[in-house]
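Just coords-v4.txt here, compact mmCIF, N, CA and C atoms:
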```txt
# COMPACT_ATOMS: atom_id res chain seq x y z
N MET A 1 129.47 94.38 139.92
CA MET A 1 129.02 94.40 138.54
C MET A 1 128.33 95.73 138.27
N SER A 2 128.71 96.40 137.22
CA SER A 2 128.13 97.71 136.92
C SER A 2 126.89 97.54 136.04
N GLU A 3 125.96 98.44 136.26
CA GLU A 3 124.73 98.41 135.45
C GLU A 3 124.96 99.08 134.12
N GLN A 4 124.44 98.49 133.08
CA GLN A 4 124.51 99.10 131.76
C GLN A 4 123.42 100.16 131.64
N PRO A 5 123.74 101.33 131.08
CA PRO A 5 122.70 102.34 130.89
C PRO A 5 121.68 101.86 129.87
N SER A 6 120.45 102.25 130.08
CA SER A 6 119.41 101.84 129.11
C SER A 6 119.57 102.65 127.83
N PRO A 7 119.22 102.05 126.70
CA PRO A 7 119.36 102.75 125.42
C PRO A 7 118.39 103.94 125.37
N PRO A 8 118.76 104.96 124.60
CA PRO A 8 117.87 106.11 124.50
C PRO A 8 116.58 105.73 123.77
N PRO A 9 115.49 106.46 124.04
CA PRO A 9 114.24 106.17 123.34
C PRO A 9 114.36 106.54 121.87
N PRO A 10 113.41 106.07 121.03
CA PRO A 10 113.45 106.43 119.61
C PRO A 10 113.44 107.95 119.46
N TYR A 11 114.03 108.41 118.37
CA TYR A 11 114.13 109.85 118.12
C TYR A 11 112.76 110.50 118.06
N SER A 12 112.67 111.63 118.67
CA SER A 12 111.48 112.47 118.60
C SER A 12 111.96 113.91 118.68
N PRO A 13 111.51 114.79 117.79
CA PRO A 13 111.99 116.17 117.77
C PRO A 13 111.76 116.90 119.10
N ASP A 14 110.77 116.51 119.83
CA ASP A 14 110.49 117.20 121.09
C ASP A 14 110.88 116.33 122.30
N ASN A 15 111.75 115.37 122.07
CA ASN A 15 112.28 114.49 123.12
C ASN A 15 111.23 113.64 123.83
N ARG A 16 110.10 113.42 123.20
CA ARG A 16 109.10 112.49 123.74
C ARG A 16 109.29 111.17 123.02
N GLY A 17 109.05 110.09 123.72
CA GLY A 17 109.08 108.79 123.08
C GLY A 17 107.83 108.63 122.22
N LEU A 18 107.90 107.78 121.23
CA LEU A 18 106.75 107.58 120.35
C LEU A 18 105.50 107.14 121.11
N GLU A 19 105.71 106.42 122.21
CA GLU A 19 104.56 105.95 122.98
C GLU A 19 103.81 107.11 123.66
N GLU A 20 104.46 108.27 123.75
CA GLU A 20 103.84 109.43 124.40
C GLU A 20 103.15 110.36 123.41
N ILE A 21 103.35 110.16 122.12
CA ILE A 21 102.80 111.07 121.11
C ILE A 21 101.44 110.55 120.68
N PRO A 22 100.40 111.39 120.76
CA PRO A 22 99.06 110.97 120.33
C PRO A 22 99.04 110.58 118.85
N SER A 23 98.19 109.62 118.53
CA SER A 23 98.12 109.12 117.15
C SER A 23 97.82 110.22 116.15
N VAL A 24 96.96 111.18 116.50
CA VAL A 24 96.63 112.25 115.56
C VAL A 24 97.88 113.07 115.23
N GLU A 25 98.77 113.21 116.17
CA GLU A 25 100.01 113.95 115.92
C GLU A 25 100.95 113.14 115.02
N VAL A 26 101.04 111.85 115.25
CA VAL A 26 101.88 110.99 114.40
C VAL A 26 101.37 111.02 112.96
N ILE A 27 100.06 110.86 112.79
CA ILE A 27 99.46 110.87 111.46
C ILE A 27 99.67 112.23 110.80
N SER A 28 99.45 113.30 111.55
CA SER A 28 99.62 114.65 111.00
C SER A 28 101.06 114.91 110.58
N ARG A 29 102.02 114.47 111.39
CA ARG A 29 103.43 114.65 111.04
C ARG A 29 103.77 113.90 109.75
N ALA A 30 103.28 112.68 109.64
CA ALA A 30 103.54 111.90 108.43
C ALA A 30 102.91 112.59 107.21
N ALA A 31 101.70 113.10 107.38
CA ALA A 31 101.02 113.78 106.27
C ALA A 31 101.77 115.04 105.87
N VAL A 32 102.25 115.81 106.83
CA VAL A 32 102.99 117.03 106.52
C VAL A 32 104.29 116.69 105.79
N MET A 33 104.93 115.60 106.19
CA MET A 33 106.16 115.20 105.50
C MET A 33 105.86 114.81 104.04
N LEU A 34 104.79 114.05 103.82
CA LEU A 34 104.41 113.69 102.45
C LEU A 34 104.01 114.92 101.65
N LEU A 35 103.30 115.84 102.27
CA LEU A 35 102.88 117.07 101.62
C LEU A 35 104.10 117.90 101.21
N SER A 36 105.04 118.05 102.11
CA SER A 36 106.26 118.83 101.82
C SER A 36 107.10 118.17 100.73
N ALA A 37 107.26 116.86 100.83
CA ALA A 37 108.06 116.15 99.83
C ALA A 37 107.39 116.22 98.46
N GLY A 38 106.06 116.10 98.42
CA GLY A 38 105.34 116.22 97.15
C GLY A 38 105.51 117.59 96.53
N ALA A 39 105.42 118.63 97.34
CA ALA A 39 105.61 120.00 96.84
C ALA A 39 107.03 120.18 96.30
N GLU A 40 107.99 119.63 97.01
CA GLU A 40 109.39 119.71 96.57
C GLU A 40 109.57 119.03 95.22
N ARG A 41 108.98 117.83 95.05
CA ARG A 41 109.11 117.09 93.80
C ARG A 41 108.35 117.74 92.65
N LEU A 42 107.38 118.60 92.98
CA LEU A 42 106.70 119.37 91.94
C LEU A 42 107.48 120.64 91.60
N GLY A 43 108.53 120.91 92.35
CA GLY A 43 109.34 122.10 92.11
C GLY A 43 108.77 123.35 92.75
N LEU A 44 107.77 123.20 93.61
CA LEU A 44 107.07 124.36 94.16
C LEU A 44 107.91 125.15 95.16
N ALA A 45 109.01 124.58 95.63
CA ALA A 45 109.87 125.29 96.57
C ALA A 45 110.81 126.25 95.85
N ASP A 46 110.89 126.14 94.53
CA ASP A 46 111.80 126.99 93.75
C ASP A 46 111.03 128.15 93.11
N ALA A 47 111.77 129.21 92.81
CA ALA A 47 111.16 130.40 92.20
C ALA A 47 110.53 130.06 90.84
N ASP A 48 111.15 129.15 90.10
CA ASP A 48 110.64 128.75 88.79
C ASP A 48 110.41 127.24 88.80
N PRO A 49 109.21 126.81 89.20
CA PRO A 49 108.96 125.36 89.30
C PRO A 49 109.22 124.60 88.01
N ASP A 50 108.96 125.23 86.86
CA ASP A 50 109.15 124.53 85.58
C ASP A 50 110.60 124.15 85.33
N ASN A 51 111.53 124.88 85.90
CA ASN A 51 112.95 124.61 85.71
C ASN A 51 113.65 124.16 86.98
N SER A 52 112.89 123.69 87.94
CA SER A 52 113.47 123.24 89.20
C SER A 52 114.30 121.98 89.00
N PRO A 53 115.50 121.94 89.57
CA PRO A 53 116.30 120.71 89.48
C PRO A 53 115.70 119.58 90.33
N HIS A 54 114.75 119.90 91.20
CA HIS A 54 114.14 118.91 92.07
C HIS A 54 112.85 118.32 91.49
N ARG A 55 112.39 118.87 90.39
CA ARG A 55 111.11 118.42 89.82
C ARG A 55 111.24 116.99 89.30
N ASP A 56 110.33 116.16 89.76
CA ASP A 56 110.27 114.76 89.34
C ASP A 56 108.81 114.33 89.49
N LEU A 57 108.07 114.38 88.40
CA LEU A 57 106.63 114.12 88.47
C LEU A 57 106.30 112.68 88.83
N ASP A 58 107.16 111.74 88.46
CA ASP A 58 106.92 110.35 88.84
C ASP A 58 106.99 110.19 90.36
N GLU A 59 108.01 110.78 90.96
CA GLU A 59 108.13 110.75 92.42
C GLU A 59 106.98 111.52 93.08
N ALA A 60 106.62 112.66 92.51
CA ALA A 60 105.51 113.45 93.06
C ALA A 60 104.22 112.65 93.05
N ARG A 61 103.97 111.93 91.96
CA ARG A 61 102.76 111.10 91.86
C ARG A 61 102.69 110.10 93.02
N ARG A 62 103.80 109.45 93.31
CA ARG A 62 103.83 108.46 94.38
C ARG A 62 103.56 109.09 95.74
N LEU A 63 104.19 110.23 95.99
CA LEU A 63 104.01 110.92 97.27
C LEU A 63 102.58 111.42 97.44
N ILE A 64 102.01 111.96 96.38
CA ILE A 64 100.63 112.48 96.44
C ILE A 64 99.65 111.34 96.66
N THR A 65 99.87 110.22 96.00
CA THR A 65 98.99 109.07 96.18
C THR A 65 99.08 108.53 97.61
N ALA A 66 100.30 108.47 98.16
CA ALA A 66 100.46 108.02 99.54
C ALA A 66 99.77 108.98 100.50
N LEU A 67 99.90 110.27 100.25
CA LEU A 67 99.23 111.27 101.09
C LEU A 67 97.72 111.12 101.01
N ALA A 68 97.20 110.91 99.81
CA ALA A 68 95.75 110.75 99.64
C ALA A 68 95.25 109.53 100.41
N GLY A 69 95.99 108.44 100.34
CA GLY A 69 95.59 107.24 101.08
C GLY A 69 95.60 107.47 102.58
N LEU A 70 96.65 108.13 103.07
CA LEU A 70 96.76 108.39 104.50
C LEU A 70 95.65 109.32 104.98
N VAL A 71 95.42 110.41 104.28
CA VAL A 71 94.41 111.38 104.71
C VAL A 71 93.02 110.78 104.62
N THR A 72 92.73 110.06 103.56
CA THR A 72 91.42 109.45 103.40
C THR A 72 91.16 108.38 104.47
N ALA A 73 92.16 107.54 104.70
CA ALA A 73 91.99 106.45 105.66
C ALA A 73 91.89 106.94 107.10
N SER A 74 92.50 108.08 107.40
CA SER A 74 92.54 108.53 108.79
C SER A 74 91.68 109.77 109.05
N ALA A 75 90.89 110.20 108.08
CA ALA A 75 90.11 111.44 108.23
C ALA A 75 89.24 111.43 109.48
N GLU A 76 88.64 110.31 109.80
CA GLU A 76 87.75 110.25 110.96
C GLU A 76 88.48 110.47 112.28
N TYR A 77 89.78 110.22 112.30
CA TYR A 77 90.57 110.38 113.52
C TYR A 77 91.24 111.76 113.61
N LEU A 78 91.31 112.47 112.49
CA LEU A 78 92.06 113.72 112.45
C LEU A 78 91.29 114.93 112.97
N GLY A 79 89.98 114.82 113.07
CA GLY A 79 89.18 115.93 113.58
C GLY A 79 89.42 117.20 112.79
N LEU A 80 89.72 118.29 113.49
CA LEU A 80 89.89 119.58 112.82
C LEU A 80 91.14 119.65 111.96
N HIS A 81 92.04 118.69 112.08
CA HIS A 81 93.24 118.65 111.24
C HIS A 81 92.94 118.11 109.84
N ALA A 82 91.83 117.42 109.67
CA ALA A 82 91.53 116.79 108.38
C ALA A 82 91.33 117.83 107.28
N GLY A 83 90.61 118.89 107.56
CA GLY A 83 90.32 119.91 106.55
C GLY A 83 91.56 120.53 105.93
N PRO A 84 92.49 121.06 106.74
CA PRO A 84 93.70 121.64 106.16
C PRO A 84 94.56 120.62 105.40
N LEU A 85 94.60 119.38 105.89
CA LEU A 85 95.37 118.36 105.17
C LEU A 85 94.71 118.03 103.83
N ARG A 86 93.39 117.96 103.81
CA ARG A 86 92.68 117.73 102.54
C ARG A 86 92.92 118.88 101.57
N ASP A 87 92.90 120.13 102.09
CA ASP A 87 93.15 121.29 101.24
C ASP A 87 94.55 121.25 100.65
N GLY A 88 95.53 120.90 101.48
CA GLY A 88 96.90 120.78 100.99
C GLY A 88 97.04 119.70 99.94
N LEU A 89 96.39 118.58 100.18
CA LEU A 89 96.40 117.48 99.22
C LEU A 89 95.79 117.92 97.90
N GLN A 90 94.64 118.57 97.96
CA GLN A 90 93.98 119.01 96.73
C GLN A 90 94.85 120.03 95.98
N SER A 91 95.54 120.89 96.71
CA SER A 91 96.44 121.85 96.06
C SER A 91 97.57 121.14 95.32
N LEU A 92 98.11 120.09 95.94
CA LEU A 92 99.16 119.32 95.26
C LEU A 92 98.61 118.61 94.03
N GLN A 93 97.41 118.05 94.15
CA GLN A 93 96.81 117.36 93.01
C GLN A 93 96.60 118.33 91.85
N LYS A 94 96.14 119.54 92.14
CA LYS A 94 95.94 120.54 91.09
C LYS A 94 97.27 120.99 90.50
N ALA A 95 98.28 121.18 91.35
CA ALA A 95 99.60 121.58 90.86
C ALA A 95 100.19 120.49 89.98
N PHE A 96 99.95 119.23 90.34
CA PHE A 96 100.44 118.12 89.52
C PHE A 96 99.78 118.17 88.14
N ARG A 97 98.47 118.37 88.13
CA ARG A 97 97.73 118.44 86.86
C ARG A 97 98.28 119.56 85.99
N GLU A 98 98.54 120.72 86.58
CA GLU A 98 99.08 121.86 85.83
C GLU A 98 100.49 121.60 85.33
N ALA A 99 101.28 120.85 86.09
CA ALA A 99 102.67 120.59 85.73
C ALA A 99 102.80 119.51 84.65
N SER A 100 101.78 118.70 84.48
CA SER A 100 101.86 117.58 83.53
C SER A 100 101.70 118.07 82.10
N ALA A 101 102.59 117.59 81.23
CA ALA A 101 102.49 117.93 79.81
C ALA A 101 101.20 117.36 79.23
N VAL A 102 100.85 116.16 79.65
CA VAL A 102 99.60 115.51 79.24
C VAL A 102 98.87 115.14 80.52
N PRO A 103 97.96 116.01 80.99
CA PRO A 103 97.27 115.72 82.25
C PRO A 103 96.47 114.43 82.21
N ASP A 104 96.41 113.77 83.36
CA ASP A 104 95.62 112.56 83.50
C ASP A 104 94.14 112.91 83.34
N PRO A 105 93.34 111.97 82.84
CA PRO A 105 91.89 112.20 82.81
C PRO A 105 91.37 112.38 84.24
N PRO A 106 90.30 113.15 84.41
CA PRO A 106 89.73 113.31 85.74
C PRO A 106 89.46 111.96 86.39
N GLY A 107 89.86 111.85 87.64
CA GLY A 107 89.68 110.60 88.38
C GLY A 107 90.86 109.66 88.30
N GLN A 108 91.84 109.97 87.43
CA GLN A 108 93.00 109.09 87.28
C GLN A 108 94.31 109.75 87.65
N GLY A 109 94.24 110.96 88.19
CA GLY A 109 95.43 111.65 88.66
C GLY A 109 95.93 111.03 89.95
N PRO A 110 97.06 111.52 90.45
CA PRO A 110 97.61 110.95 91.67
C PRO A 110 96.65 111.08 92.86
N GLY A 111 96.36 109.96 93.49
CA GLY A 111 95.51 109.93 94.66
C GLY A 111 94.03 110.04 94.41
N GLU A 112 93.63 110.25 93.16
CA GLU A 112 92.21 110.47 92.87
C GLU A 112 91.37 109.21 93.04
N LYS A 113 91.99 108.04 93.07
CA LYS A 113 91.19 106.84 93.35
C LYS A 113 90.73 106.85 94.80
N TYR A 114 91.40 107.64 95.65
CA TYR A 114 91.00 107.77 97.05
C TYR A 114 90.14 109.00 97.32
N THR A 115 90.40 110.07 96.56
CA THR A 115 89.72 111.35 96.84
C THR A 115 88.60 111.68 95.88
N GLY A 116 88.55 110.99 94.75
CA GLY A 116 87.63 111.38 93.69
C GLY A 116 88.32 112.38 92.78
N PRO A 117 87.69 112.70 91.64
CA PRO A 117 88.32 113.59 90.67
C PRO A 117 88.60 114.98 91.24
N VAL A 118 89.73 115.54 90.82
CA VAL A 118 90.11 116.90 91.18
C VAL A 118 90.26 117.68 89.88
N TYR A 119 89.54 118.79 89.80
CA TYR A 119 89.57 119.59 88.56
C TYR A 119 90.34 120.87 88.76
```
Write the structure described by the file as structure tokens, please.
Amino acid sequence: MSEQPSPPPPYSPDNRGLEEIPSVEVISRAAVMLLSAGAERLGLADADPDNSPHRDLDEARRLITALAGLVTASAEYLGLHAGPLRDGLQSLQKAFREASAVPDPPGQGPGEKYTGPVY
């Protein structure tokens, strides 16, 4: 009877299994993905964000709010990674406010229920 090969571990860009990746790295990767996707949905990856075919403020709002929840909930575990992620989040929140035809009142923008008002 031949032995069946074991299935490969879950995908990891650096060929480590998820069980080997520290939680701070998993959280940081998720935050960077949300940050990048939010920037893309704001059109910030294009030369002219106002005319970007990728701009979708409704989608950007969702991504920014998810990022705010993740960063706020995990800040105590992120250590020195928390500051840059907060800065990136705040930059997205400000870019969203600038991109909106009718900006949300302070404290009601994307993710601001988690971070407080962003001006």
Practice item. Between A:Leu42, A:Leu18, A:Ala75, A:Ala101, single out the one closest to A:Arg61, counting only N, CA and C atoms. Key: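 Smallest separation from A:Arg61 among the options: A:Leu42.
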Exercise for review: Have a look at atom N of A:Ala68 and atom C of A:Pro110 and let me know their distance in Å, one decimal.
Suggested key: 7.0 Å
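Residues of protein, DNA or RNA having at least one counted atom within 6.5 Å of (100.3, 115.8, 93.1), given only N, CA and C atoms, are Gly38, Ala60, Arg61, Ile64, Thr65, Ser91, Leu92, Gln93, Lys94, Ala95, Phe96, Arg97 and Pro110 of chain A.
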Any chance you could export the current selection's N, CA and C atoms as a tab-separated table (two decimals), in the coordinates of the input?
```tsv
chain	number	residue	atom	x	y	z
A	38	GLY	N	106.06	116.10	98.42
A	38	GLY	CA	105.34	116.22	97.15
A	38	GLY	C	105.51	117.59	96.53
A	60	ALA	N	106.62	112.66	92.51
A	60	ALA	CA	105.51	113.45	93.06
A	60	ALA	C	104.22	112.65	93.05
A	61	ARG	N	103.97	111.93	91.96
A	61	ARG	CA	102.76	111.10	91.86
A	61	ARG	C	102.69	110.10	93.02
A	64	ILE	N	102.01	111.96	96.38
A	64	ILE	CA	100.63	112.48	96.44
A	64	ILE	C	99.65	111.34	96.66
A	65	THR	N	99.87	110.22	96.00
A	65	THR	CA	98.99	109.07	96.18
A	65	THR	C	99.08	108.53	97.61
A	91	SER	N	95.54	120.89	96.71
A	91	SER	CA	96.44	121.85	96.06
A	91	SER	C	97.57	121.14	95.32
A	92	LEU	N	98.11	120.09	95.94
A	92	LEU	CA	99.16	119.32	95.26
A	92	LEU	C	98.61	118.61	94.03
A	93	GLN	N	97.41	118.05	94.15
A	93	GLN	CA	96.81	117.36	93.01
A	93	GLN	C	96.60	118.33	91.85
A	94	LYS	N	96.14	119.54	92.14
A	94	LYS	CA	95.94	120.54	91.09
A	94	LYS	C	97.27	120.99	90.50
A	95	ALA	N	98.28	121.18	91.35
A	95	ALA	CA	99.60	121.58	90.86
A	95	ALA	C	100.19	120.49	89.98
A	96	PHE	N	99.95	119.23	90.34
A	96	PHE	CA	100.44	118.12	89.52
A	96	PHE	C	99.78	118.17	88.14
A	97	ARG	N	98.47	118.37	88.13
A	97	ARG	CA	97.73	118.44	86.86
A	97	ARG	C	98.28	119.56	85.99
A	110	PRO	N	97.06	111.52	90.45
A	110	PRO	CA	97.61	110.95	91.67
A	110	PRO	C	96.65	111.08	92.86
```
Review point. So which one's closest to A:Pro105, A:Leu34, A:Val118, A:Leu63, A:Val26? Using only C-alpha atoms, please.
Key: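 Using only C-alpha atoms, the shortest distance to A:Pro105 belongs to A:Val118.
With atom CA of A:Ala37 on one side and atom CA of A:Glu76 on the other, the separation reads 23.9 Å.
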Exercise for review: May I ask which of the residues A:Leu67, A:Ala73, A:Leu57, A:Leu80 is the closest one to A:Val32, counting only C-alpha atoms?
Suggested key: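 Among A:Leu67, A:Ala73, A:Leu57, A:Leu80, it is A:Leu67 that comes nearest to A:Val32.
Candidate residues A:Asn15, A:Gln90, A:Ser100, A:Thr115 were compared for distance to A:Gly69, and the nearest is A:Thr115, using all atoms listed in the file.
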Practice item. Considering all atoms listed in the file, state which residue in the set A:Gly107, A:Ala66, A:Lys113, A:Arg55 is at the smallest distance from A:Ala31. Key: A:Ala66
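Taking atom CA of A:Ser52 and atom CA of A:Gly88 as endpoints, the distance between them is 20.5 Å.
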Check your understanding: DSSP says helix (DSSP H, G or I) for which residues of chain A? Put them as an NGL selection string?
Key -> :A and (18-20 or 23-41 or 49-51 or 57-99 or 112-115)
